Amino acid sequence: MFQCKDNDNYNTPKSAWIDIQHLIPQDKIVWEAFYSNGDSGRFLRELGFDVIHEPIDFFTHDEGDIVVSNPPFSLTKKVIERLHTLDKPFILLLPVAKICYQYFRLVGDGLQLIIPPKRINFYFGGRDGGRRTISNFDCMYYCWKMNFEKDIIFLGA
């Protein structure tokens, strides 16, 4: 099974999923494809989504209707290539700088962005909180095949 690097194992706070819950389709089965400590899938379930979130290898499985995840940043290229091959809609939480990489050309005109209301501070280790980090970079949600009304959505004010 796939294992991410220790420095790639930063967990998503529940607030990051709360911010976009109104944009995730309720009628789709969500695959939170990167397990880490299991909190992310639990958070999405608590928000009312039907979620597949198991410690299985993303690169050898194909689950659910849509991927909603915070993948290991070091694997972004491989993740985008795999999702493109699967032709699977996604919402991925990634650093803003990733938009400059060539591999995002794969998704072409279907790319949409959700800009969070503030910088997201992830946490490292432990369940439901662990040690919170102060991020020194901004992230946004990269979306493909979501068919939002606008290509760039700014959350909050």
# chains A, B, ... in the order shown; residues from 1 in each chain; ligands from 1
call {"tool": "select_by_dssp", "arguments": {"residues": "region 57-106 of chain A", "states": "alpha helix (DSSP H)", "output": "list in words"}}
result
Thr76, Lys77, Lys78, Val79, Ile80, Glu81, Arg82, Leu83, His84, Thr85 and Leu86 of chain A
call {"tool": "residues_around", "arguments": {"residues": "region 19-36 of chain A", "least_positions_apart": "4", "cutoff": "7 Å", "atoms": "only C-alpha atoms", "output": "PDB file with C-alpha atoms, in the first residue's frame"}}
result
ATOM      1  CA  ASN A   9       1.218  14.006   6.466  1.00  0.00           C
ATOM      2  CA  SER A  15     -13.284  24.005   9.143  1.00  0.00           C
ATOM      3  CA  GLY A  41     -13.478  11.200   6.175  1.00  0.00           C
ATOM      4  CA  PHE A  49     -21.891  13.133   3.056  1.00  0.00           C
ATOM      5  CA  ASP A  50     -21.805   9.502   1.969  1.00  0.00           C
ATOM      6  CA  VAL A  51     -18.031   8.942   2.183  1.00  0.00           C
ATOM      7  CA  ILE A  52     -15.608   6.178   1.298  1.00  0.00           C
ATOM      8  CA  HIS A  53     -12.513   6.725   3.426  1.00  0.00           C
ATOM      9  CA  GLU A  54     -10.434   3.626   3.965  1.00  0.00           C
ATOM     10  CA  PRO A  55      -6.663   3.050   4.147  1.00  0.00           C
ATOM     11  CA  PHE A  58      -5.380   5.591  -4.333  1.00  0.00           C
ATOM     12  CA  GLU A  63     -13.979   4.454  -5.533  1.00  0.00           C
ATOM     13  CA  GLY A  64     -16.967   6.775  -5.325  1.00  0.00           C
ATOM     14  CA  ASP A  65     -18.330   9.371  -7.737  1.00  0.00           C
ATOM     15  CA  ILE A  66     -16.129  12.316  -6.791  1.00  0.00           C
ATOM     16  CA  VAL A  67     -12.792  12.760  -4.993  1.00  0.00           C
ATOM     17  CA  VAL A  68     -12.727  15.337  -2.204  1.00  0.00           C
ATOM     18  CA  SER A  69      -9.329  15.316  -0.545  1.00  0.00           C
ATOM     19  CA  PRO A  71      -3.644  14.770  -1.045  1.00  0.00           C
TER      20      PRO A  71
END
call {"tool": "select_by_dssp", "arguments": {"residues": "region 14-83 of chain A", "states": "strand (DSSP E)", "output": "compact mmCIF listing (two decimals) with N, CA and C atoms, in the first residue's frame"}}
result
# COMPACT_ATOMS: atom_id res chain seq x y z
N ILE A 29 -21.38 9.94 -4.10
CA ILE A 29 -20.55 9.26 -3.11
C ILE A 29 -19.15 9.87 -3.18
N VAL A 30 -18.71 10.40 -2.06
CA VAL A 30 -17.42 11.07 -1.96
C VAL A 30 -16.35 10.05 -1.61
N TRP A 31 -15.25 10.09 -2.35
CA TRP A 31 -14.08 9.29 -2.00
C TRP A 31 -13.03 10.23 -1.44
N ASP A 50 -22.05 10.93 2.09
CA ASP A 50 -21.80 9.50 1.97
C ASP A 50 -20.35 9.38 1.52
N VAL A 51 -19.48 8.87 2.40
CA VAL A 51 -18.03 8.94 2.18
C VAL A 51 -17.38 7.56 2.22
N ILE A 52 -16.51 7.32 1.26
CA ILE A 52 -15.61 6.18 1.30
C ILE A 52 -14.27 6.73 1.74
N ILE A 66 -16.90 11.09 -6.80
CA ILE A 66 -16.13 12.32 -6.79
C ILE A 66 -15.05 12.20 -5.71
N VAL A 67 -13.87 12.73 -5.99
CA VAL A 67 -12.79 12.76 -4.99
C VAL A 67 -12.79 14.13 -4.32
N VAL A 68 -12.86 14.12 -3.02
CA VAL A 68 -12.73 15.34 -2.20
C VAL A 68 -11.62 15.03 -1.21
N SER A 69 -10.48 15.72 -1.34
CA SER A 69 -9.33 15.32 -0.55
C SER A 69 -8.29 16.42 -0.43
call {"tool": "residues_around", "arguments": {"residues": "Phe73 (chain A)", "least_positions_apart": "2", "cutoff": "7 Å", "atoms": "only C-alpha atoms", "output": "list in words"}}
result
Asp8, Pro71, Leu75, Thr76 and Leu94 of chain A
call {"tool": "write_last_selection", "arguments": {"atoms": "N, CA and C atoms", "output": "CSV table (one decimal), in the first residue's frame"}}
result
chain,number,residue,atom,x,y,z
A,8,ASP,N,4.7,15.0,4.6
A,8,ASP,CA,3.6,15.2,3.7
A,8,ASP,C,2.3,14.8,4.4
A,71,PRO,N,-4.7,15.8,-0.8
A,71,PRO,CA,-3.6,14.8,-1.0
A,71,PRO,C,-2.3,15.2,-0.6
A,75,LEU,N,2.9,14.5,-4.1
A,75,LEU,CA,2.3,13.6,-5.1
A,75,LEU,C,1.3,14.2,-6.0
A,76,THR,N,1.3,15.5,-6.0
A,76,THR,CA,0.2,16.2,-6.8
A,76,THR,C,0.2,15.8,-8.2
A,94,LEU,N,-5.0,22.1,-2.2
A,94,LEU,CA,-3.6,22.2,-2.5
A,94,LEU,C,-3.0,23.6,-2.4
call {"tool": "closest_residue", "arguments": {"among": "A:Phe90, A:Phe59, A:Tyr101, A:Trp17", "to": "Lys145 (chain A)", "atoms": "only C-alpha atoms"}}
result
A:Phe90
call {"tool": "atom_distance", "arguments": {"atom1": "CA of Val107 (chain A)", "atom2": "CA of Met146 (chain A)"}}
result
12.0 Å
call {"tool": "atom_distance", "arguments": {"atom1": "CA of Pro95 (chain A)", "atom2": "CA of Ile152 (chain A)"}}
result
15.6 Å
call {"tool": "closest_residue", "arguments": {"among": "A:Leu93, A:Ile120, A:Ile153, A:Ala16", "to": "Asn136 (chain A)", "atoms": "only C-alpha atoms"}}
result
A:Ile120
